[in-house]
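**Q** Got a structure here, written out as structure tokens. Questions coming.
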Amino acid sequence: MRDSLTLIRPDDWHLHFRDGAQLQGTVPATARAFRRAIVMPNLNPPVTNAERARSYRERILAAAPAGSDFEPLMVIYLTDATTPADIAEAAASGFVYAAKLYPAGATTNSDSGVRDPSAIYPLYEALEKHDLPLLLHGEVTESEIDIFDREKVFIDRYLADIRAKFPALRIVFEHVTTADGVQFVQAHDKLTAATVTPQHLMMNRNDLLAGGIRPHNYCLPVLKRREHQLAIQQAVLSGDSRFFLGTDSAPHAQDKKEAACGCAGCYSAPAALPLYAMFFEQHGALDKLEAFASFYGADFYRLPRNTDKVTLVRENWVIPTHVDVGGLTMVPWQAGVEVSWRLKD
Ligand code: NCD
Ligand code: ZN
């Protein structure tokens with residue numbers, strides 16, 4: 001059994017930093033392990049254009065630890081009012097790396113999202129033309145569609161046609177949660193990829209609902225049946241370059257999670273890399289961790305791979321039960337769980 005693991009520094013291709021005082025907690029937690037992160041734009045109000053992305057980026061950089069070379073990769077949030085000119089401007093900015101489609105109402109701060117994903121084809125065309133990836137929250141939102149079916153219905157109703165009509169558009173199926181999503185990605189070329197969260201690799205809906213409701217395992221898209229978890233695991237363990245690391249770390253204050261109507265999102269940043277390492281090790285695939293965490297995402301985004309390294313040492317530690325994030329108490333995902341890898345300082 002090896003007792004240390006050195007890999008090229010990873011990047012997080014799907015992350016929520018939040019804003020204001022919370023950046024004091026979230027940015028250092030991510031910058032410790034990751035050199036870059038795709039920063040989700042679902043603030044209130046959302047990051048809808050290059051100008052908002054520029055000022056948000058500055059606030060993030062101001063919260064990075066001294067001496068850190070952490071680089072936030074900004075994303076604009078598509079709305080019904082976004083224009084192809086907004087996309088051209090974002091692409092020309094040099095710091096916007098993608099655009100995110102949230103169907104209106106699908107998740108946290110998605111009220112300004114797109115009401116009809118089939119009504120914004122000029123925006124997909126602009127993204128394809130300017131070579132900016134389209135990041136999808138791939139769920140429909142209609143109340144009559146069962147929450148466990150919303151990913152598959154999104155694929156059938158919208159994604160298949162978008163994929164077919166814009167063959168040169170890079171698409172990321174964010175936080176894939178179903179075998180249907182996995183198969184969709186596998187059925188296409190390298191311009192279609194997916195990010196994979198630690199919770200969708202390590203858990204299924206029993207971890208949310210069996211033996212008591214566990215709000216800290218509640219995220220969107222919601223955890224699915226075990227057979228879906230297995231499909232995601234197999235895709236990642238096969239070493240397929242279309243599946244790469246995106247934690248979807250999404251902090252909410254403890255009282256907003258442990259509530260009658262609890263918020264969706266798992267704050268995984270404090271232990272994300274050790275948890276992914278544990279997953280790969282438990283499946284005898286530790287040798288596949290580095291490419292998943294550090295190569296495939298950079299290649300997809302056509303960015304250079306990092307050159308510096310991080311080291312994980314074999315050491316048991318327990319994920320804290322609470323952390324302070326800018327004055328708010330948060331319960332990290334997997335709080336109280338013993339982890340067998342620790343990130344070396
Ligand atoms: C995210 C959040 O809280 O911003 N929540 C989540 O459950 N994943 C939004 C998202 O990515 O859907
Ligand atoms: Zn997210």
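Please note that chains go A, B, ... in the order of the structure tokens, that every chain numbers its residues from 1, and that ligands are numbered from 1 in the order shown.
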Report as a Markdown table the residues of chain A within 7 Å of ligand 2, each with its shortest atom pair and distance in Å (one decimal), using only C-alpha atoms and all ligand atoms, ordered by chain and increasing residue number.

**A**
| residue | atom | partner | partner_atom_place_in_ligand_line | distance |
| --- | --- | --- | --- | --- |
| A:His14 | CA | ligand 2 | 1 (Zn) | 6.2 |
| A:Leu15 | CA | ligand 2 | 1 (Zn) | 6.1 |
| A:His16 | CA | ligand 2 | 1 (Zn) | 6.3 |
| A:Met40 | CA | ligand 2 | 1 (Zn) | 6.6 |
| A:Asp248 | CA | ligand 2 | 1 (Zn) | 4.4 |
| A:Ser249 | CA | ligand 2 | 1 (Zn) | 7.0 |
| A:Ala250 | CA | ligand 2 | 1 (Zn) | 6.5 |

**Q** Could the residues in this selection be saved with all heavy atoms as a compact mmCIF listing (two decimals), in the first residue's frame?

**A**
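Output saved as selection-v7.txt:
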# COMPACT_ATOMS: atom_id res chain seq x y z
N HIS A 14 -16.16 22.67 -11.91
CA HIS A 14 -17.54 23.11 -11.57
C HIS A 14 -17.55 23.47 -10.09
O HIS A 14 -17.52 22.58 -9.23
CB HIS A 14 -18.55 22.00 -11.85
CG HIS A 14 -19.98 22.41 -11.58
ND1 HIS A 14 -20.99 22.16 -12.47
CD2 HIS A 14 -20.56 23.04 -10.54
CE1 HIS A 14 -22.14 22.64 -11.98
NE2 HIS A 14 -21.90 23.17 -10.78
N LEU A 15 -17.66 24.75 -9.79
CA LEU A 15 -17.53 25.18 -8.40
C LEU A 15 -18.37 26.41 -8.11
O LEU A 15 -18.46 27.33 -8.94
CB LEU A 15 -16.06 25.52 -8.13
CG LEU A 15 -15.76 26.04 -6.74
CD1 LEU A 15 -15.86 24.94 -5.71
CD2 LEU A 15 -14.39 26.68 -6.68
N HIS A 16 -18.94 26.45 -6.90
CA HIS A 16 -19.67 27.64 -6.42
C HIS A 16 -18.88 28.29 -5.29
O HIS A 16 -18.74 27.69 -4.22
CB HIS A 16 -21.07 27.24 -5.92
CG HIS A 16 -21.89 26.56 -6.97
ND1 HIS A 16 -22.74 27.25 -7.81
CD2 HIS A 16 -21.96 25.26 -7.35
CE1 HIS A 16 -23.31 26.40 -8.65
NE2 HIS A 16 -22.85 25.18 -8.40
N MET A 40 -18.97 29.00 -11.04
CA MET A 40 -20.37 29.09 -11.45
C MET A 40 -20.94 30.48 -11.16
O MET A 40 -20.61 31.10 -10.14
CB MET A 40 -21.17 28.00 -10.72
CG MET A 40 -20.87 26.63 -11.28
SD MET A 40 -21.42 26.54 -13.01
CE MET A 40 -20.22 25.38 -13.67
N ASP A 248 -18.76 20.61 -7.86
CA ASP A 248 -20.05 21.23 -7.57
C ASP A 248 -20.15 21.58 -6.09
O ASP A 248 -21.25 21.59 -5.52
CB ASP A 248 -21.21 20.33 -8.00
CG ASP A 248 -22.54 21.07 -8.01
OD1 ASP A 248 -22.53 22.32 -8.08
OD2 ASP A 248 -23.59 20.41 -7.94
N SER A 249 -19.02 21.87 -5.47
CA SER A 249 -19.04 22.31 -4.07
C SER A 249 -19.93 23.55 -4.00
O SER A 249 -19.72 24.52 -4.73
CB SER A 249 -17.61 22.64 -3.63
OG SER A 249 -17.62 23.13 -2.31
N ALA A 250 -20.96 23.48 -3.15
CA ALA A 250 -22.01 24.51 -3.16
C ALA A 250 -22.47 24.79 -1.73
O ALA A 250 -23.43 24.19 -1.26
CB ALA A 250 -23.18 24.05 -4.03

**Q** Could you give me, as number ranges by chain, every polymer residue with an atom at most 10 Å away from an atom of ligand 1, counting only C-alpha atoms and all ligand atoms?

**A** A: 14-18, 40-43, 102, 106-110, 136-139, 174-175, 197, 217-223, 247-252, 263-267

**Q** Taking N, CA and C atoms for each residue, export the selection above as a short mmCIF file (atom, residue, chain, number, x, y, z; two decimals), in the first residue's frame.

**A**
data_model
loop_
_atom_site.label_atom_id
_atom_site.label_comp_id
_atom_site.auth_asym_id
_atom_site.auth_seq_id
_atom_site.Cartn_x
_atom_site.Cartn_y
_atom_site.Cartn_z
N HIS A 14 -16.16 22.67 -11.91
CA HIS A 14 -17.54 23.11 -11.57
C HIS A 14 -17.55 23.47 -10.09
N LEU A 15 -17.66 24.75 -9.79
CA LEU A 15 -17.53 25.18 -8.40
C LEU A 15 -18.37 26.41 -8.11
N HIS A 16 -18.94 26.45 -6.90
CA HIS A 16 -19.67 27.64 -6.42
C HIS A 16 -18.88 28.29 -5.29
N PHE A 17 -18.41 29.50 -5.54
CA PHE A 17 -17.67 30.23 -4.49
C PHE A 17 -18.59 31.09 -3.63
N ARG A 18 -19.78 31.43 -4.15
CA ARG A 18 -20.62 32.48 -3.52
C ARG A 18 -19.89 33.82 -3.60
N MET A 40 -18.97 29.00 -11.04
CA MET A 40 -20.37 29.09 -11.45
C MET A 40 -20.94 30.48 -11.16
N PRO A 41 -21.79 30.96 -12.08
CA PRO A 41 -22.23 32.37 -12.04
C PRO A 41 -23.58 32.59 -11.35
N ASN A 42 -24.06 31.60 -10.58
CA ASN A 42 -25.42 31.74 -10.02
C ASN A 42 -25.43 32.54 -8.72
N LEU A 43 -24.93 33.78 -8.82
CA LEU A 43 -25.06 34.71 -7.70
C LEU A 43 -26.44 35.36 -7.80
N TYR A 102 -28.87 27.55 -17.10
CA TYR A 102 -29.73 27.05 -16.04
C TYR A 102 -31.16 27.16 -16.53
N ALA A 106 -34.49 25.56 -12.00
CA ALA A 106 -33.92 24.22 -11.82
C ALA A 106 -33.16 24.06 -10.51
N THR A 107 -32.57 25.15 -9.99
CA THR A 107 -31.70 24.99 -8.83
C THR A 107 -31.49 26.32 -8.13
N THR A 108 -30.55 26.38 -7.19
CA THR A 108 -30.25 27.60 -6.43
C THR A 108 -30.01 28.79 -7.37
N ASN A 109 -30.68 29.90 -7.11
CA ASN A 109 -30.50 31.14 -7.89
C ASN A 109 -30.62 30.93 -9.40
N SER A 110 -31.62 30.19 -9.80
CA SER A 110 -31.81 29.99 -11.24
C SER A 110 -33.07 30.69 -11.74
N LEU A 136 -24.18 22.90 -19.16
CA LEU A 136 -25.61 22.68 -18.96
C LEU A 136 -25.94 22.16 -17.58
N HIS A 137 -26.93 22.81 -16.97
CA HIS A 137 -27.64 22.14 -15.87
C HIS A 137 -28.74 21.36 -16.58
N GLY A 138 -28.53 20.09 -16.78
CA GLY A 138 -29.38 19.30 -17.67
C GLY A 138 -30.59 18.70 -16.99
N GLU A 139 -31.52 19.55 -16.61
CA GLU A 139 -32.77 19.06 -16.02
C GLU A 139 -33.91 19.94 -16.51
N GLU A 174 -23.07 19.13 -17.02
CA GLU A 174 -22.54 19.33 -15.67
C GLU A 174 -23.15 18.32 -14.69
N HIS A 175 -22.35 17.97 -13.71
CA HIS A 175 -22.76 17.05 -12.63
C HIS A 175 -23.71 15.97 -13.12
N THR A 197 -19.26 14.81 -9.82
CA THR A 197 -19.08 15.26 -8.43
C THR A 197 -18.68 14.07 -7.55
N ASN A 217 -26.63 15.57 2.18
CA ASN A 217 -26.42 14.82 0.93
C ASN A 217 -27.40 15.27 -0.15
N TYR A 218 -28.15 16.31 0.14
CA TYR A 218 -29.13 16.80 -0.82
C TYR A 218 -28.50 17.83 -1.74
N CYS A 219 -28.52 17.53 -3.01
CA CYS A 219 -28.03 18.46 -4.01
C CYS A 219 -28.90 18.29 -5.24
N LEU A 220 -28.69 19.16 -6.21
CA LEU A 220 -29.38 19.01 -7.48
C LEU A 220 -28.35 18.92 -8.59
N PRO A 221 -28.57 18.10 -9.59
CA PRO A 221 -29.63 17.11 -9.65
C PRO A 221 -29.50 16.12 -8.50
N VAL A 222 -30.66 15.70 -8.01
CA VAL A 222 -30.71 14.85 -6.81
C VAL A 222 -30.01 13.50 -7.08
N LEU A 223 -29.47 12.91 -6.02
CA LEU A 223 -28.86 11.57 -6.12
C LEU A 223 -29.89 10.60 -6.69
N THR A 247 -16.35 19.42 -8.69
CA THR A 247 -16.91 19.07 -7.37
C THR A 247 -18.36 19.49 -7.21
N ASP A 248 -18.76 20.61 -7.86
CA ASP A 248 -20.05 21.23 -7.57
C ASP A 248 -20.15 21.58 -6.09
N SER A 249 -19.02 21.87 -5.47
CA SER A 249 -19.04 22.31 -4.07
C SER A 249 -19.93 23.55 -4.00
N ALA A 250 -20.96 23.48 -3.15
CA ALA A 250 -22.01 24.51 -3.16
C ALA A 250 -22.47 24.79 -1.73
N PRO A 251 -21.75 25.69 -1.03
CA PRO A 251 -22.05 25.89 0.38
C PRO A 251 -23.37 26.60 0.64
N HIS A 252 -24.05 26.13 1.65
CA HIS A 252 -25.22 26.82 2.21
C HIS A 252 -25.04 26.75 3.73
N CYS A 263 -31.94 23.82 1.48
CA CYS A 263 -31.29 24.18 0.22
C CYS A 263 -30.53 23.00 -0.38
N ALA A 264 -30.40 23.03 -1.70
CA ALA A 264 -29.66 22.00 -2.44
C ALA A 264 -28.20 22.42 -2.59
N GLY A 265 -27.28 21.52 -2.26
CA GLY A 265 -25.86 21.81 -2.47
C GLY A 265 -25.04 21.17 -1.37
N CYS A 266 -23.91 20.58 -1.75
CA CYS A 266 -23.01 19.93 -0.79
C CYS A 266 -21.71 20.73 -0.77
N TYR A 267 -21.30 21.15 0.42
CA TYR A 267 -20.04 21.91 0.52
C TYR A 267 -18.88 20.92 0.63
#

**Q** Write out as a list of chain:residue names the residues lying within 10 Å of Ala88 in chain A, counting only C-alpha atoms and excluding same-chain residues fewer than 6 positions away.

**A**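 Listing them by chain and then by number gives A:Ala50, A:Leu123, A:Ala126, A:Leu127, A:Lys129, A:His130, A:Asp131, A:Leu132.
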
**Q** Counting only C-alpha atoms, figure out which residue out of A:Ser143, A:Ser112, A:Ser118, A:Thr82 gets nearest to Pro46 in chain A.

**A**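 Under the stated criterion, the closest residue is A:Ser112.
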
**Q** Can you list, as a PDB file with N, CA, C and O atoms, in the first residue's frame, every protein, DNA or RNA residue that comes within 9 Å of Val27 in chain A when you count only C-alpha atoms, leaving out same-chain residues fewer than 6 positions away?

**A**
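This is the output file out-v5.pdb:
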ATOM      1  N   PHE A  17     -18.412  29.503  -5.541  1.00  0.00           N
ATOM      2  CA  PHE A  17     -17.672  30.234  -4.494  1.00  0.00           C
ATOM      3  C   PHE A  17     -18.589  31.090  -3.634  1.00  0.00           C
ATOM      4  O   PHE A  17     -18.178  31.545  -2.574  1.00  0.00           O
ATOM      5  N   ILE A  60     -12.834  37.530  -6.126  1.00  0.00           N
ATOM      6  CA  ILE A  60     -12.294  36.193  -5.828  1.00  0.00           C
ATOM      7  C   ILE A  60     -10.782  36.278  -5.628  1.00  0.00           C
ATOM      8  O   ILE A  60     -10.239  35.747  -4.647  1.00  0.00           O
ATOM      9  N   LEU A  61     -10.113  36.960  -6.551  1.00  0.00           N
ATOM     10  CA  LEU A  61      -8.650  37.055  -6.447  1.00  0.00           C
ATOM     11  C   LEU A  61      -8.236  37.752  -5.158  1.00  0.00           C
ATOM     12  O   LEU A  61      -7.237  37.390  -4.530  1.00  0.00           O
ATOM     13  N   ALA A  63      -9.590  37.447  -2.391  1.00  0.00           N
ATOM     14  CA  ALA A  63      -9.768  36.513  -1.266  1.00  0.00           C
ATOM     15  C   ALA A  63      -8.801  35.332  -1.329  1.00  0.00           C
ATOM     16  O   ALA A  63      -8.804  34.477  -0.435  1.00  0.00           O
ATOM     17  N   ALA A  64      -7.981  35.266  -2.372  1.00  0.00           N
ATOM     18  CA  ALA A  64      -7.027  34.150  -2.485  1.00  0.00           C
ATOM     19  C   ALA A  64      -5.888  34.352  -1.489  1.00  0.00           C
ATOM     20  O   ALA A  64      -5.500  35.487  -1.224  1.00  0.00           O
ATOM     21  N   PRO A  65      -5.372  33.267  -0.923  1.00  0.00           N
ATOM     22  CA  PRO A  65      -4.289  33.412   0.051  1.00  0.00           C
ATOM     23  C   PRO A  65      -3.070  34.088  -0.582  1.00  0.00           C
ATOM     24  O   PRO A  65      -2.823  33.946  -1.786  1.00  0.00           O
ATOM     25  N   PHE A  70      -3.721  30.841  -7.664  1.00  0.00           N
ATOM     26  CA  PHE A  70      -5.045  30.349  -8.033  1.00  0.00           C
ATOM     27  C   PHE A  70      -5.665  31.214  -9.132  1.00  0.00           C
ATOM     28  O   PHE A  70      -5.595  32.446  -9.090  1.00  0.00           O
TER      29      PHE A  70
END

**Q** For Phe300 in chain A, which residue out of A:Pro117, A:Pro133, A:Pro72, A:Gly105 is the nearest one, using only C-alpha atoms?

**A** A:Pro133

**Q** Extract, using only C-alpha atoms, all DNA, RNA and protein residues at most 6 Å from Val47 in chain A, discarding same-chain residues fewer than 6 positions from it, and format them as a PyMOL selection string.

**A** chain A and resi 41+53+76-77

**Q** Using the selection just defined, write its residues with N, CA, C and O atoms as a PDB file, in the first residue's frame.

**A**
ATOM      1  N   PRO A  41     -21.790  30.964 -12.078  1.00  0.00           N
ATOM      2  CA  PRO A  41     -22.228  32.367 -12.036  1.00  0.00           C
ATOM      3  C   PRO A  41     -23.580  32.588 -11.354  1.00  0.00           C
ATOM      4  O   PRO A  41     -24.174  33.646 -11.515  1.00  0.00           O
ATOM      5  N   ALA A  53     -18.563  39.559 -14.673  1.00  0.00           N
ATOM      6  CA  ALA A  53     -17.555  38.507 -14.466  1.00  0.00           C
ATOM      7  C   ALA A  53     -16.221  39.126 -14.064  1.00  0.00           C
ATOM      8  O   ALA A  53     -15.508  38.594 -13.206  1.00  0.00           O
ATOM      9  N   ILE A  76     -20.302  33.073 -17.798  1.00  0.00           N
ATOM     10  CA  ILE A  76     -21.495  33.934 -17.801  1.00  0.00           C
ATOM     11  C   ILE A  76     -22.750  33.068 -17.765  1.00  0.00           C
ATOM     12  O   ILE A  76     -22.782  31.940 -18.247  1.00  0.00           O
ATOM     13  N   TYR A  77     -23.771  33.656 -17.181  1.00  0.00           N
ATOM     14  CA  TYR A  77     -25.060  33.007 -16.911  1.00  0.00           C
ATOM     15  C   TYR A  77     -26.015  33.422 -18.026  1.00  0.00           C
ATOM     16  O   TYR A  77     -26.239  34.620 -18.237  1.00  0.00           O
TER      17      TYR A  77
END

**Q** What are the closest atom pairs, with distances in Å to one decimal, for all residues of range 181-278 of chain A lying within 9 Å of range 291-299 of chain A? Consider only C-alpha atoms, order rows by chain and residue number, and present the result as a tab-separated table.

**A**
residue	atom	partner	partner_atom	distance
A:Ala193	CA	A:Gly297	CA	8.9
A:Thr195	CA	A:Gly297	CA	8.5
A:Val236	CA	A:Phe292	CA	7.6
A:Gly239	CA	A:Phe292	CA	7.3
A:Asp240	CA	A:Phe292	CA	8.5
A:Ser241	CA	A:Tyr296	CA	5.3
A:Arg242	CA	A:Tyr296	CA	7.0
A:Phe243	CA	A:Phe292	CA	7.0
A:Phe244	CA	A:Phe292	CA	4.9
A:Leu245	CA	A:Ala293	CA	5.2
A:Gly246	CA	A:Ala293	CA	8.5
A:Leu273	CA	A:Ala293	CA	8.5
A:Tyr276	CA	A:Ala293	CA	8.8

**Q** Looking at A:Ile232, A:Ala104, A:Met74, A:Val325, which one is nearest to Ala91 in chain A, with distances taken over only C-alpha atoms?

**A**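 When distances to Ala91 in chain A are compared using only C-alpha atoms, the smallest one comes from A:Met74.
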
**Q** Any idea what's packed within 9 Å of Asp308 in chain A, counting only C-alpha atoms, ignoring anything in its chain fewer than 5 positions away? Could you give it as a VMD selection string?

**A** chain A and resid 7 to 9 35

**Q** Could the residues in this selection be saved with C-alpha atoms as a PDB file, in the first residue's frame?

**A**
ATOM      1  CA  LEU A   7       0.049  14.340  -8.928  1.00  0.00           C
ATOM      2  CA  ILE A   8      -0.061  17.337 -11.222  1.00  0.00           C
ATOM      3  CA  ARG A   9      -2.130  19.959  -9.444  1.00  0.00           C
ATOM      4  CA  ARG A  35      -4.969  25.667  -9.331  1.00  0.00           C
TER       5      ARG A  35
END

**Q** As a list of chain:residue names, please: every residue in range 206-327 of chain A that DSSP puts in strand (DSSP E).

**A**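 Selecting the strand (DSSP E) positions of range 206-327 of chain A gives A:Phe243, A:Phe244, A:Leu245, A:Lys309, A:Val310, A:Thr311, A:Leu312, A:Val313, A:Arg314, A:Glu315, A:Asn316, A:Trp317, A:Val318, A:Val323, A:Asp324, A:Val325.
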
**Q** If you keep N, CA, C and O atoms, can you produce a file of those selected residues as a PDB file, in the first residue's frame?

**A**
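part.pdb, written as the output of this step:
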ATOM      1  N   PHE A 243     -14.978  12.427 -19.129  1.00  0.00           N
ATOM      2  CA  PHE A 243     -15.516  12.574 -17.768  1.00  0.00           C
ATOM      3  C   PHE A 243     -14.408  13.123 -16.882  1.00  0.00           C
ATOM      4  O   PHE A 243     -13.359  12.488 -16.746  1.00  0.00           O
ATOM      5  N   PHE A 244     -14.638  14.321 -16.332  1.00  0.00           N
ATOM      6  CA  PHE A 244     -13.584  14.908 -15.498  1.00  0.00           C
ATOM      7  C   PHE A 244     -14.137  15.540 -14.229  1.00  0.00           C
ATOM      8  O   PHE A 244     -15.355  15.658 -14.049  1.00  0.00           O
ATOM      9  N   LEU A 245     -13.214  15.938 -13.374  1.00  0.00           N
ATOM     10  CA  LEU A 245     -13.546  16.385 -12.022  1.00  0.00           C
ATOM     11  C   LEU A 245     -14.255  17.739 -12.013  1.00  0.00           C
ATOM     12  O   LEU A 245     -13.761  18.717 -12.574  1.00  0.00           O
ATOM     13  N   LYS A 309       2.769  20.481  -8.693  1.00  0.00           N
ATOM     14  CA  LYS A 309       2.211  19.228  -8.178  1.00  0.00           C
ATOM     15  C   LYS A 309       1.604  19.394  -6.798  1.00  0.00           C
ATOM     16  O   LYS A 309       1.924  20.348  -6.082  1.00  0.00           O
ATOM     17  N   VAL A 310       0.729  18.470  -6.433  1.00  0.00           N
ATOM     18  CA  VAL A 310       0.244  18.368  -5.051  1.00  0.00           C
ATOM     19  C   VAL A 310       0.554  16.956  -4.563  1.00  0.00           C
ATOM     20  O   VAL A 310       0.636  16.015  -5.368  1.00  0.00           O
ATOM     21  N   THR A 311       0.699  16.836  -3.256  1.00  0.00           N
ATOM     22  CA  THR A 311       0.946  15.521  -2.674  1.00  0.00           C
ATOM     23  C   THR A 311      -0.127  15.196  -1.638  1.00  0.00           C
ATOM     24  O   THR A 311      -0.465  16.040  -0.806  1.00  0.00           O
ATOM     25  N   LEU A 312      -0.631  13.990  -1.762  1.00  0.00           N
ATOM     26  CA  LEU A 312      -1.541  13.448  -0.746  1.00  0.00           C
ATOM     27  C   LEU A 312      -0.753  12.427   0.054  1.00  0.00           C
ATOM     28  O   LEU A 312      -0.028  11.604  -0.523  1.00  0.00           O
ATOM     29  N   VAL A 313      -0.870  12.498   1.372  1.00  0.00           N
ATOM     30  CA  VAL A 313      -0.182  11.503   2.205  1.00  0.00           C
ATOM     31  C   VAL A 313      -1.221  10.621   2.880  1.00  0.00           C
ATOM     32  O   VAL A 313      -2.331  11.078   3.190  1.00  0.00           O
ATOM     33  N   ARG A 314      -0.840   9.359   3.084  1.00  0.00           N
ATOM     34  CA  ARG A 314      -1.786   8.452   3.741  1.00  0.00           C
ATOM     35  C   ARG A 314      -1.812   8.765   5.228  1.00  0.00           C
ATOM     36  O   ARG A 314      -0.844   8.554   5.937  1.00  0.00           O
ATOM     37  N   GLU A 315      -2.895   9.329   5.646  1.00  0.00           N
ATOM     38  CA  GLU A 315      -3.023   9.745   7.034  1.00  0.00           C
ATOM     39  C   GLU A 315      -4.520   9.877   7.309  1.00  0.00           C
ATOM     40  O   GLU A 315      -5.231  10.528   6.546  1.00  0.00           O
ATOM     41  N   ASN A 316      -4.977   9.235   8.366  1.00  0.00           N
ATOM     42  CA  ASN A 316      -6.407   9.328   8.678  1.00  0.00           C
ATOM     43  C   ASN A 316      -6.715  10.659   9.352  1.00  0.00           C
ATOM     44  O   ASN A 316      -5.969  11.096  10.222  1.00  0.00           O
ATOM     45  N   TRP A 317      -7.759  11.270   8.919  1.00  0.00           N
ATOM     46  CA  TRP A 317      -8.247  12.488   9.575  1.00  0.00           C
ATOM     47  C   TRP A 317      -9.754  12.529   9.405  1.00  0.00           C
ATOM     48  O   TRP A 317     -10.312  11.842   8.536  1.00  0.00           O
ATOM     49  N   VAL A 318     -10.383  13.295  10.260  1.00  0.00           N
ATOM     50  CA  VAL A 318     -11.841  13.328  10.255  1.00  0.00           C
ATOM     51  C   VAL A 318     -12.305  14.683   9.715  1.00  0.00           C
ATOM     52  O   VAL A 318     -11.823  15.733  10.166  1.00  0.00           O
ATOM     53  N   VAL A 323     -17.556  24.151   9.767  1.00  0.00           N
ATOM     54  CA  VAL A 323     -16.510  25.109   9.412  1.00  0.00           C
ATOM     55  C   VAL A 323     -17.145  26.491   9.327  1.00  0.00           C
ATOM     56  O   VAL A 323     -18.342  26.623   9.031  1.00  0.00           O
ATOM     57  N   ASP A 324     -16.330  27.505   9.602  1.00  0.00           N
ATOM     58  CA  ASP A 324     -16.805  28.878   9.485  1.00  0.00           C
ATOM     59  C   ASP A 324     -16.499  29.368   8.071  1.00  0.00           C
ATOM     60  O   ASP A 324     -15.368  29.281   7.612  1.00  0.00           O
ATOM     61  N   VAL A 325     -17.510  29.847   7.396  1.00  0.00           N
ATOM     62  CA  VAL A 325     -17.309  30.400   6.054  1.00  0.00           C
ATOM     63  C   VAL A 325     -17.803  31.839   6.074  1.00  0.00           C
ATOM     64  O   VAL A 325     -19.014  32.091   5.991  1.00  0.00           O
TER      65      VAL A 325
END

**Q** Rank nothing, just name the residue among A:Pro45, A:Gly67, A:Gly25, A:Pro198 nearest to Thr329 in chain A, using only C-alpha atoms.

**A**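 The answer is A:Gly25, which sits nearest to Thr329 in chain A.
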